[in-house]
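Here is target30.tsv, consisting of TSV, C-alpha atoms and all ligand atoms:
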chain	number	residue	atom	x	y	z
A	1272	MET	CA	20.66	-24.86	157.03
A	1273	ALA	CA	21.62	-21.96	154.80
A	1274	GLU	CA	20.65	-23.86	151.65
A	1275	SER	CA	19.76	-20.77	149.72
A	1276	LYS	CA	20.65	-17.14	150.03
A	1277	GLU	CA	17.16	-16.11	151.05
A	1278	TYR	CA	16.77	-18.48	153.99
A	1279	LYS	CA	15.63	-16.24	156.86
A	1280	ILE	CA	16.55	-16.94	160.43
A	1281	PRO	CA	14.04	-15.36	162.83
A	1282	ARG	CA	15.80	-12.91	165.10
A	1283	HIS	CA	13.57	-13.66	168.08
A	1284	VAL	CA	11.83	-16.98	168.77
A	1285	ALA	CA	9.33	-17.38	171.64
A	1286	ILE	CA	8.41	-20.87	172.83
A	1287	ILE	CA	5.51	-22.32	174.84
A	1288	MET	CA	7.03	-25.55	176.17
A	1289	ASP	CA	3.89	-27.65	176.50
A	1290	GLY	CA	3.32	-31.38	177.00
A	1291	ASN	CA	5.67	-32.26	179.87
A	1292	GLY	CA	2.84	-33.84	181.88
A	1293	ARG	CA	1.60	-35.98	178.97
A	1294	TRP	CA	5.15	-37.09	178.17
A	1295	ALA	CA	5.54	-38.32	181.75
A	1296	LYS	CA	2.11	-39.96	181.83
A	1297	LYS	CA	2.90	-41.97	178.69
A	1298	ARG	CA	5.87	-43.41	180.59
A	1299	PHE	CA	3.94	-43.98	183.85
A	1300	LEU	CA	6.15	-41.37	185.52
A	1301	PRO	CA	5.10	-38.53	187.84
A	1302	ARG	CA	4.40	-35.21	186.06
A	1303	LYS	CA	7.48	-33.65	187.59
A	1304	ALA	CA	9.67	-36.15	185.71
A	1305	GLY	CA	8.32	-34.53	182.55
A	1306	HIS	CA	9.38	-31.10	183.80
A	1307	VAL	CA	12.88	-32.42	184.63
A	1308	GLN	CA	13.26	-33.74	181.07
A	1309	GLY	CA	11.66	-30.52	179.77
A	1310	SER	CA	14.27	-28.39	181.50
A	1311	ARG	CA	17.09	-30.48	179.96
A	1312	VAL	CA	15.56	-29.93	176.54
A	1313	ALA	CA	15.19	-26.20	177.32
A	1314	GLU	CA	18.92	-25.93	177.98
A	1315	GLN	CA	19.85	-27.87	174.84
A	1316	ILE	CA	17.54	-25.78	172.64
A	1317	CYS	CA	19.25	-22.60	173.87
A	1318	GLU	CA	22.49	-23.91	172.37
A	1319	ASP	CA	20.84	-25.18	169.20
A	1320	ALA	CA	18.99	-21.90	168.66
A	1321	TYR	CA	22.19	-19.92	168.98
A	1322	ASP	CA	24.00	-22.33	166.61
A	1323	LEU	CA	21.28	-21.69	164.05
A	1324	GLY	CA	21.74	-17.93	164.33
A	1325	ILE	CA	18.78	-17.01	166.52
A	1326	GLU	CA	19.61	-13.93	168.61
A	1327	TYR	CA	16.74	-13.82	171.10
A	1328	LEU	CA	14.95	-16.78	172.67
A	1329	THR	CA	12.07	-16.49	175.14
A	1330	TYR	CA	10.54	-19.39	177.08
A	1331	TYR	CA	7.24	-19.55	178.95
A	1332	ALA	CA	8.37	-21.45	182.07
A	1333	PHE	CA	5.66	-20.57	184.62
A	1334	SER	CA	2.48	-18.58	184.09
A	1335	THR	CA	0.46	-16.52	186.56
A	1336	GLU	CA	-2.13	-19.32	186.25
A	1337	ASN	CA	0.28	-22.18	187.04
A	1338	TRP	CA	0.01	-21.55	190.81
A	1339	ALA	CA	-3.32	-23.43	190.61
A	1340	ARG	CA	-1.48	-26.74	189.98
A	1341	PRO	CA	-1.02	-29.23	192.84
A	1342	GLN	CA	1.44	-27.90	195.41
A	1343	ASP	CA	4.02	-30.64	194.84
A	1344	GLU	CA	4.11	-29.84	191.11
A	1345	VAL	CA	4.48	-26.10	191.80
A	1346	ASP	CA	7.31	-26.92	194.25
A	1347	ALA	CA	9.00	-29.17	191.69
A	1348	LEU	CA	8.85	-26.43	189.02
A	1349	MET	CA	10.17	-23.79	191.44
A	1350	ASN	CA	13.02	-26.11	192.45
A	1351	LEU	CA	13.93	-26.67	188.80
A	1352	LEU	CA	13.97	-22.93	188.19
A	1353	ARG	CA	15.96	-22.40	191.40
A	1354	LYS	CA	18.57	-24.92	190.22
A	1355	TYR	CA	18.59	-23.42	186.72
A	1356	MET	CA	19.24	-19.88	188.05
A	1357	LYS	CA	21.95	-21.00	190.47
A	1358	ASP	CA	23.78	-23.14	187.88
A	1359	SER	CA	23.49	-20.38	185.27
A	1360	ILE	CA	25.27	-17.80	187.42
A	1361	GLU	CA	28.50	-19.70	186.76
A	1362	ARG	CA	27.53	-21.14	183.38
A	1363	SER	CA	26.69	-17.76	181.83
A	1364	SER	CA	30.34	-16.71	181.99
A	1365	ARG	CA	31.19	-19.78	179.86
A	1366	ASN	CA	28.32	-19.74	177.37
A	1367	ASN	CA	28.18	-15.92	177.14
A	1368	MET	CA	24.36	-15.92	177.44
A	1369	ARG	CA	22.51	-12.85	178.70
A	1370	VAL	CA	19.60	-13.96	180.87
A	1371	ARG	CA	16.57	-11.85	181.75
A	1372	VAL	CA	13.52	-12.97	183.69
A	1373	ILE	CA	10.18	-11.53	182.65
A	1374	GLY	CA	7.06	-11.62	184.81
A	1375	ASP	CA	6.23	-10.47	188.30
A	1376	ILE	CA	9.01	-12.02	190.34
A	1377	SER	CA	7.90	-10.32	193.58
A	1378	ALA	CA	5.67	-13.35	194.30
A	1379	LEU	CA	8.62	-15.79	194.19
A	1380	ALA	CA	10.58	-17.09	197.19
A	1381	PRO	CA	13.19	-14.53	198.34
A	1382	ASP	CA	16.17	-16.82	197.60
A	1383	LEU	CA	14.92	-17.39	194.05
A	1384	GLN	CA	14.46	-13.64	193.53
A	1385	GLU	CA	18.01	-13.14	194.76
A	1386	SER	CA	19.44	-15.74	192.34
A	1387	ILE	CA	17.51	-14.14	189.48
A	1388	ARG	CA	18.87	-10.67	190.30
A	1389	LYS	CA	22.40	-12.04	190.58
A	1390	LEU	CA	22.17	-13.95	187.29
A	1391	GLU	CA	20.74	-10.92	185.47
A	1392	GLU	CA	23.52	-8.77	186.87
A	1393	VAL	CA	26.45	-11.10	186.08
A	1394	SER	CA	25.18	-11.84	182.58
A	1395	ALA	CA	24.03	-8.31	181.67
A	1396	SER	CA	26.91	-7.49	179.35
A	1397	ASN	CA	27.20	-10.94	177.73
A	1398	THR	CA	27.04	-10.84	173.96
A	1399	GLY	CA	25.81	-14.38	173.11
A	1400	LEU	CA	22.20	-15.55	173.07
A	1401	LYS	CA	19.73	-13.10	174.63
A	1402	PHE	CA	17.65	-15.47	176.68
A	1403	GLN	CA	14.39	-14.51	178.41
A	1404	VAL	CA	12.56	-16.80	180.85
A	1405	ALA	CA	8.97	-15.96	181.76
A	1406	ILE	CA	8.24	-16.82	185.41
A	1407	ASN	CA	4.98	-15.85	187.11
A	1408	TYR	CA	4.30	-14.23	183.77
A	1409	GLY	CA	0.91	-13.28	182.37
A	1410	GLY	CA	0.58	-11.03	179.34
A	1411	ARG	CA	-2.40	-9.11	180.66
A	1412	ASP	CA	-0.61	-8.68	183.98
A	1413	GLU	CA	2.45	-7.31	182.14
A	1414	ILE	CA	0.26	-4.82	180.26
A	1415	LEU	CA	-1.46	-3.74	183.50
A	1416	ARG	CA	1.88	-3.30	185.26
A	1417	ALA	CA	3.09	-1.21	182.29
A	1418	VAL	CA	-0.06	0.94	182.49
A	1419	ARG	CA	0.55	1.52	186.20
A	1420	LYS	CA	4.19	2.50	185.59
A	1421	ALA	CA	3.14	4.94	182.85
A	1422	ALA	CA	0.36	6.38	185.06
A	1423	GLU	CA	2.89	6.86	187.87
A	1424	LYS	CA	5.13	8.88	185.51
A	1425	VAL	CA	2.15	10.97	184.45
A	1426	LYS	CA	1.24	11.58	188.09
A	1427	GLU	CA	4.80	12.70	188.83
A	1428	GLY	CA	4.65	15.09	185.87
A	1429	GLU	CA	7.45	13.25	184.01
A	1430	LEU	CA	5.25	12.11	181.13
A	1431	LYS	CA	2.37	13.75	179.26
A	1432	PRO	CA	-0.56	11.44	178.31
A	1433	GLU	CA	-0.49	12.78	174.75
A	1434	ASP	CA	3.19	11.79	174.42
A	1435	ILE	CA	2.52	8.11	175.10
A	1436	ASN	CA	3.09	6.24	171.85
A	1437	GLU	CA	3.86	2.58	171.15
A	1438	GLU	CA	7.60	3.03	171.59
A	1439	ILE	CA	7.32	4.88	174.89
A	1440	PHE	CA	4.68	2.50	176.25
A	1441	TYR	CA	6.77	-0.55	175.29
A	1442	GLY	CA	9.54	0.92	177.42
A	1443	PHE	CA	7.46	-0.02	180.49
A	1444	PHE	CA	7.19	-3.70	179.53
A	1445	ASP	CA	9.29	-6.48	181.07
A	1446	THR	CA	10.61	-7.07	177.54
A	1447	ALA	CA	11.53	-3.39	176.97
A	1448	GLY	CA	14.40	-3.12	174.51
A	1449	ILE	CA	13.83	-6.63	173.14
A	1450	PRO	CA	12.55	-6.86	169.55
A	1451	TYR	CA	9.10	-8.43	169.15
A	1452	PRO	CA	9.24	-12.20	168.39
A	1453	ASP	CA	9.26	-13.13	164.69
A	1454	LEU	CA	8.17	-16.69	165.41
A	1455	MET	CA	6.19	-18.31	168.24
A	1456	ILE	CA	6.38	-22.08	168.68
A	1457	ARG	CA	3.96	-24.11	170.80
A	1458	THR	CA	4.47	-27.83	171.29
A	1459	SER	CA	2.02	-30.64	172.13
A	1460	GLY	CA	-0.82	-29.78	169.76
A	1461	GLU	CA	-2.57	-27.00	171.67
A	1462	MET	CA	-3.38	-24.03	169.44
A	1463	ARG	CA	-3.61	-21.17	171.88
A	1464	THR	CA	-1.25	-18.48	173.07
A	1465	SER	CA	-2.38	-18.73	176.73
A	1466	ASN	CA	-1.61	-15.16	177.81
A	1467	PHE	CA	1.97	-15.37	176.49
A	1468	LEU	CA	3.31	-12.06	175.13
A	1469	PRO	CA	-0.07	-10.85	173.70
A	1470	TRP	CA	1.29	-7.38	172.87
A	1471	GLN	CA	4.59	-8.62	171.47
A	1472	LEU	CA	3.15	-11.46	169.33
A	1473	ALA	CA	0.66	-9.26	167.45
A	1474	TYR	CA	2.46	-9.72	164.10
A	1475	SER	CA	4.44	-12.92	164.75
A	1476	GLU	CA	4.21	-16.15	162.77
A	1477	PHE	CA	2.82	-19.06	164.80
A	1478	TYR	CA	4.07	-22.63	164.50
A	1479	PHE	CA	2.20	-25.43	166.26
A	1480	THR	CA	3.51	-28.99	166.48
A	1481	ASP	CA	2.15	-32.17	168.05
A	1482	VAL	CA	5.61	-33.04	169.39
A	1483	LEU	CA	5.65	-32.96	173.21
A	1484	TRP	CA	8.21	-30.54	174.65
A	1485	PRO	CA	10.45	-33.24	176.21
A	1486	ASP	CA	10.76	-34.78	172.70
A	1487	PHE	CA	11.57	-31.45	171.01
A	1488	ASN	CA	15.06	-31.19	169.51
A	1489	LYS	CA	17.19	-29.35	166.95
A	1490	LYS	CA	15.56	-31.19	164.04
A	1491	GLU	CA	12.11	-30.04	165.23
A	1492	LEU	CA	13.43	-26.50	165.67
A	1493	LYS	CA	14.68	-26.59	162.08
A	1494	LYS	CA	11.20	-27.69	160.93
A	1495	ALA	CA	9.78	-24.61	162.64
A	1496	LEU	CA	12.33	-22.45	160.82
A	1497	ASP	CA	11.38	-24.10	157.51
A	1498	TYR	CA	7.73	-23.33	158.22
A	1499	TYR	CA	8.72	-19.74	158.96
A	1500	ASN	CA	10.40	-19.69	155.58
A	1501	GLY	CA	7.23	-20.85	153.92
A	1502	ARG	CA	8.41	-24.29	152.99
A	1503	GLU	CA	7.58	-27.63	154.46
A	1504	ARG	CA	10.23	-30.22	153.75
A	1505	ARG	CA	8.76	-33.70	154.00
A	1506	PHE	CA	12.00	-35.62	154.48
A	1507	GLY	CA	11.13	-38.20	151.84
A	1508	GLY	CA	7.47	-38.57	152.79
A	1509	VAL	CA	4.48	-37.31	150.84
A	1601	LIG	C1	3.76	-27.24	180.26
A	1601	LIG	O1	3.57	-28.65	180.28
A	1601	LIG	C2	5.01	-26.90	180.90
A	1601	LIG	C3	5.15	-26.12	182.02
A	1601	LIG	C4	3.98	-25.54	182.70
A	1601	LIG	C5	6.46	-25.86	182.62
A	1601	LIG	C6	7.60	-25.57	181.70
A	1601	LIG	C7	8.85	-25.59	182.48
A	1601	LIG	C8	9.99	-26.26	182.19
A	1601	LIG	C9	10.20	-27.00	180.94
A	1601	LIG	C10	11.14	-26.30	183.15
A	1601	LIG	C11	11.89	-25.08	183.47
A	1601	LIG	C12	12.48	-24.26	182.40
A	1601	LIG	C13	13.76	-23.82	182.35
A	1601	LIG	C14	14.09	-22.63	181.53
A	1601	LIG	C15	14.87	-24.45	183.07
A	1601	LIG	P1	2.31	-29.25	181.02
A	1601	LIG	O2	2.71	-29.62	182.40
A	1601	LIG	O3	1.17	-28.29	180.94
A	1601	LIG	O4	2.05	-30.53	180.17
A	1601	LIG	P2	0.63	-31.21	179.87
A	1601	LIG	O5	-0.16	-30.21	179.08
A	1601	LIG	O6	1.01	-32.40	179.08
A	1601	LIG	O7	0.02	-31.56	181.20
Just give me the structure as structure tokens.
Amino acid sequence: MAESKEYKIPRHVAIIMDGNGRWAKKRFLPRKAGHVQGSRVAEQICEDAYDLGIEYLTYYAFSTENWARPQDEVDALMNLLRKYMKDSIERSSRNNMRVRVIGDISALAPDLQESIRKLEEVSASNTGLKFQVAINYGGRDEILRAVRKAAEKVKEGELKPEDINEEIFYGFFDTAGIPYPDLMIRTSGEMRTSNFLPWQLAYSEFYFTDVLWPDFNKKELKKALDYYNGRERRFGGV
């Protein structure tokens, strides 16, 4: 991809993986089949992103609003995440990925919370892709939780209100220590950010594509990087 010296690879890419349900519907399959395919694509894109030189990748896997979906779909998503966390405990020692979950995990099933803690612990010093998965994540909720943590410090006399600046406040976020995303990608044609990283995306470039998440691949990721670089290659078209 490094066709010219100036080609910039975004350091941090955040992705809203949308369109799993529509992908399944087009094939007369249940919505959860779309999520199964979506999770395969999610794993592949982790590898592709790292190959392309991306250091940080963050996925929106389950929002604070997704609990409102039918129970069997919520269960299917939780089971996929459960399997992902369990498999990754072993896999992370091979692929060298550091995994962090962002969001309020206290609402998740205890066994899932346990797998998440274990995975974060075993992968903490890995030096490959820095991978964040947002589960029960809402951006406003993250900001409110950060405010509460800061207020608690003020109450305990460990922090003065006048000392709170952007850097100190960001230290209370789930993504503390992680650089803000350079590029946000949303698939399936929706042009919203849906409560995903509102603080962190303030200056990011946004790339929207009609491709449904289960159809997303390395070629589509490269198109997003081209867009980020201010050029749209048309691959022979007009
Ligand atoms: C949006 O599609 C997708 C989700 C709400 C779930 C995303 C989760 C995964 C891809 C699986 C787990 C991820 C990992 C990291 C293993 P939608 O259902 O809203 O699609 P629609 O808009 O077409 O209905």
- request: Please provide as a ChimeraX atom specification all residues within 9 Å of Glu1336 of chain A, with the sequence filter that same-chain residues fewer than 3 positions apart are discarded (counting all atoms listed in the file).
  value: /A:1333,1339-1340,1407-1409
query: From the list A:Tyr1327, A:Ser1359, A:Glu1344, A:Gly1507, which residue is nearest Lys1389 of chain A when using all atoms listed in the file?
result: A:Ser1359
message: So, with only C-alpha atoms as the atoms that count, which of A:Tyr1321, A:Phe1299, A:Tyr1478, A:Trp1338 lies closest to Gly1399 of chain A?
response: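 Once distances to Gly1399 of chain A are computed over only C-alpha atoms, the minimum belongs to A:Tyr1321.
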Once you count all atoms listed in the file, which residues end up within 8 Å of ligand LIG 1601 (chain A), and could you hand them over as an mmCIF file with C-alpha atoms, keeping the file's coordinate frame?
data_model
loop_
_atom_site.group_PDB
_atom_site.id
_atom_site.type_symbol
_atom_site.label_atom_id
_atom_site.label_comp_id
_atom_site.auth_asym_id
_atom_site.auth_seq_id
_atom_site.Cartn_x
_atom_site.Cartn_y
_atom_site.Cartn_z
ATOM 1 C CA ILE A 1287 5.510 -22.320 174.840
ATOM 2 C CA MET A 1288 7.030 -25.550 176.170
ATOM 3 C CA ASP A 1289 3.890 -27.650 176.500
ATOM 4 C CA GLY A 1290 3.320 -31.380 177.000
ATOM 5 C CA ASN A 1291 5.670 -32.260 179.870
ATOM 6 C CA GLY A 1292 2.840 -33.840 181.880
ATOM 7 C CA ARG A 1293 1.600 -35.980 178.970
ATOM 8 C CA TRP A 1294 5.150 -37.090 178.170
ATOM 9 C CA ALA A 1295 5.540 -38.320 181.750
ATOM 10 C CA ARG A 1302 4.400 -35.210 186.060
ATOM 11 C CA GLY A 1305 8.320 -34.530 182.550
ATOM 12 C CA HIS A 1306 9.380 -31.100 183.800
ATOM 13 C CA VAL A 1307 12.880 -32.420 184.630
ATOM 14 C CA GLN A 1308 13.260 -33.740 181.070
ATOM 15 C CA GLY A 1309 11.660 -30.520 179.770
ATOM 16 C CA SER A 1310 14.270 -28.390 181.500
ATOM 17 C CA ARG A 1311 17.090 -30.480 179.960
ATOM 18 C CA VAL A 1312 15.560 -29.930 176.540
ATOM 19 C CA ALA A 1313 15.190 -26.200 177.320
ATOM 20 C CA GLU A 1314 18.920 -25.930 177.980
ATOM 21 C CA TYR A 1330 10.540 -19.390 177.080
ATOM 22 C CA TYR A 1331 7.240 -19.550 178.950
ATOM 23 C CA ALA A 1332 8.370 -21.450 182.070
ATOM 24 C CA PHE A 1333 5.660 -20.570 184.620
ATOM 25 C CA SER A 1334 2.480 -18.580 184.090
ATOM 26 C CA ASN A 1337 0.280 -22.180 187.040
ATOM 27 C CA LEU A 1348 8.850 -26.430 189.020
ATOM 28 C CA LEU A 1351 13.930 -26.670 188.800
ATOM 29 C CA LEU A 1352 13.970 -22.930 188.190
ATOM 30 C CA TYR A 1355 18.590 -23.420 186.720
ATOM 31 C CA VAL A 1404 12.560 -16.800 180.850
ATOM 32 C CA SER A 1459 2.020 -30.640 172.130
ATOM 33 C CA LEU A 1483 5.650 -32.960 173.210
ATOM 34 C CA TRP A 1484 8.210 -30.540 174.650
ATOM 35 C CA PRO A 1485 10.450 -33.240 176.210
#
query: With all atoms listed in the file as the atoms that count, which of A:Glu1413, A:Glu1461, A:Glu1491, A:Glu1318 lies nearest to Ile1376 of chain A?
result: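 Going through A:Glu1413, A:Glu1461, A:Glu1491, A:Glu1318 one by one, the smallest distance to Ile1376 of chain A is for A:Glu1413.
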- prompt: For Thr1398 of chain A, which residue out of A:Arg1365, A:His1283, A:Lys1420, A:Arg1457 is the nearest one, using all atoms listed in the file?
  reply: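 Comparing A:Arg1365, A:His1283, A:Lys1420, A:Arg1457 against Thr1398 of chain A, the winner is A:Arg1365.
The gap separating atom CA of Ile1439 of chain A from atom CA of Gln1403 of chain A is 20.9 Å, in Å to one decimal.
Nearest residue to Leu1323 of chain A among A:Ile1360, A:Ile1280, A:Val1345, A:Val1425 is A:Ile1280, counting only C-alpha atoms.
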Atom CA of Thr1446 of chain A to atom CA of Met1356 of chain A, straight-line distance in Å: 18.7 Å
task: Work out how far atom CA of Val1418 of chain A is from atom CA of Val1284 of chain A, in Å to one decimal.
output: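 According to the coordinates, atom CA of Val1284 of chain A and atom CA of Val1418 of chain A are separated by 25.5 Å.
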message: Please list as a list in words every residue within 12 Å of Ser1377 of chain A, counting all atoms listed in the file and excluding residues in the same chain fewer than 5 positions away.
response: Thr1335, Val1372, Asp1382, Leu1383, Gln1384, Glu1385, Ile1387, Arg1388, Ile1406, Asn1407 and Tyr1408 of chain A
message: Let me make sure I understand: among A:Ala1405, A:Gly1410, A:Glu1361, A:Ala1422, which one has the smallest atom-to-atom distance to Ser1386 of chain A if we use all atoms listed in the file?
response: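 Result for the nearest residue to Ser1386 of chain A: A:Glu1361.
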field: Distance query 8 Å from (1.1, -34.6, 166.4) using only C-alpha atoms, result as a list of chain:residue names
entry: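 Selection result: A:Ser1459, A:Gly1460, A:Thr1480, A:Asp1481, A:Val1482.
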Give one line per residue of segment 1291-1359 of chain A that approaches segment 1492-1496 of chain A to at most 10 Å, naming the two atoms of the closest pair and their distance in Å to one decimal, counting all atoms listed in the file; sort by chain then ascending residue number and deliver it as JSON lines.
{"residue": "A:Ile1316", "atom": "CA", "partner": "A:Leu1492", "partner_atom": "CA", "distance": 8.1}
{"residue": "A:Asp1319", "atom": "CA", "partner": "A:Leu1492", "partner_atom": "CA", "distance": 8.3}
{"residue": "A:Ala1320", "atom": "CA", "partner": "A:Leu1492", "partner_atom": "CA", "distance": 7.8}
{"residue": "A:Leu1323", "atom": "CA", "partner": "A:Lys1493", "partner_atom": "CA", "distance": 8.5}
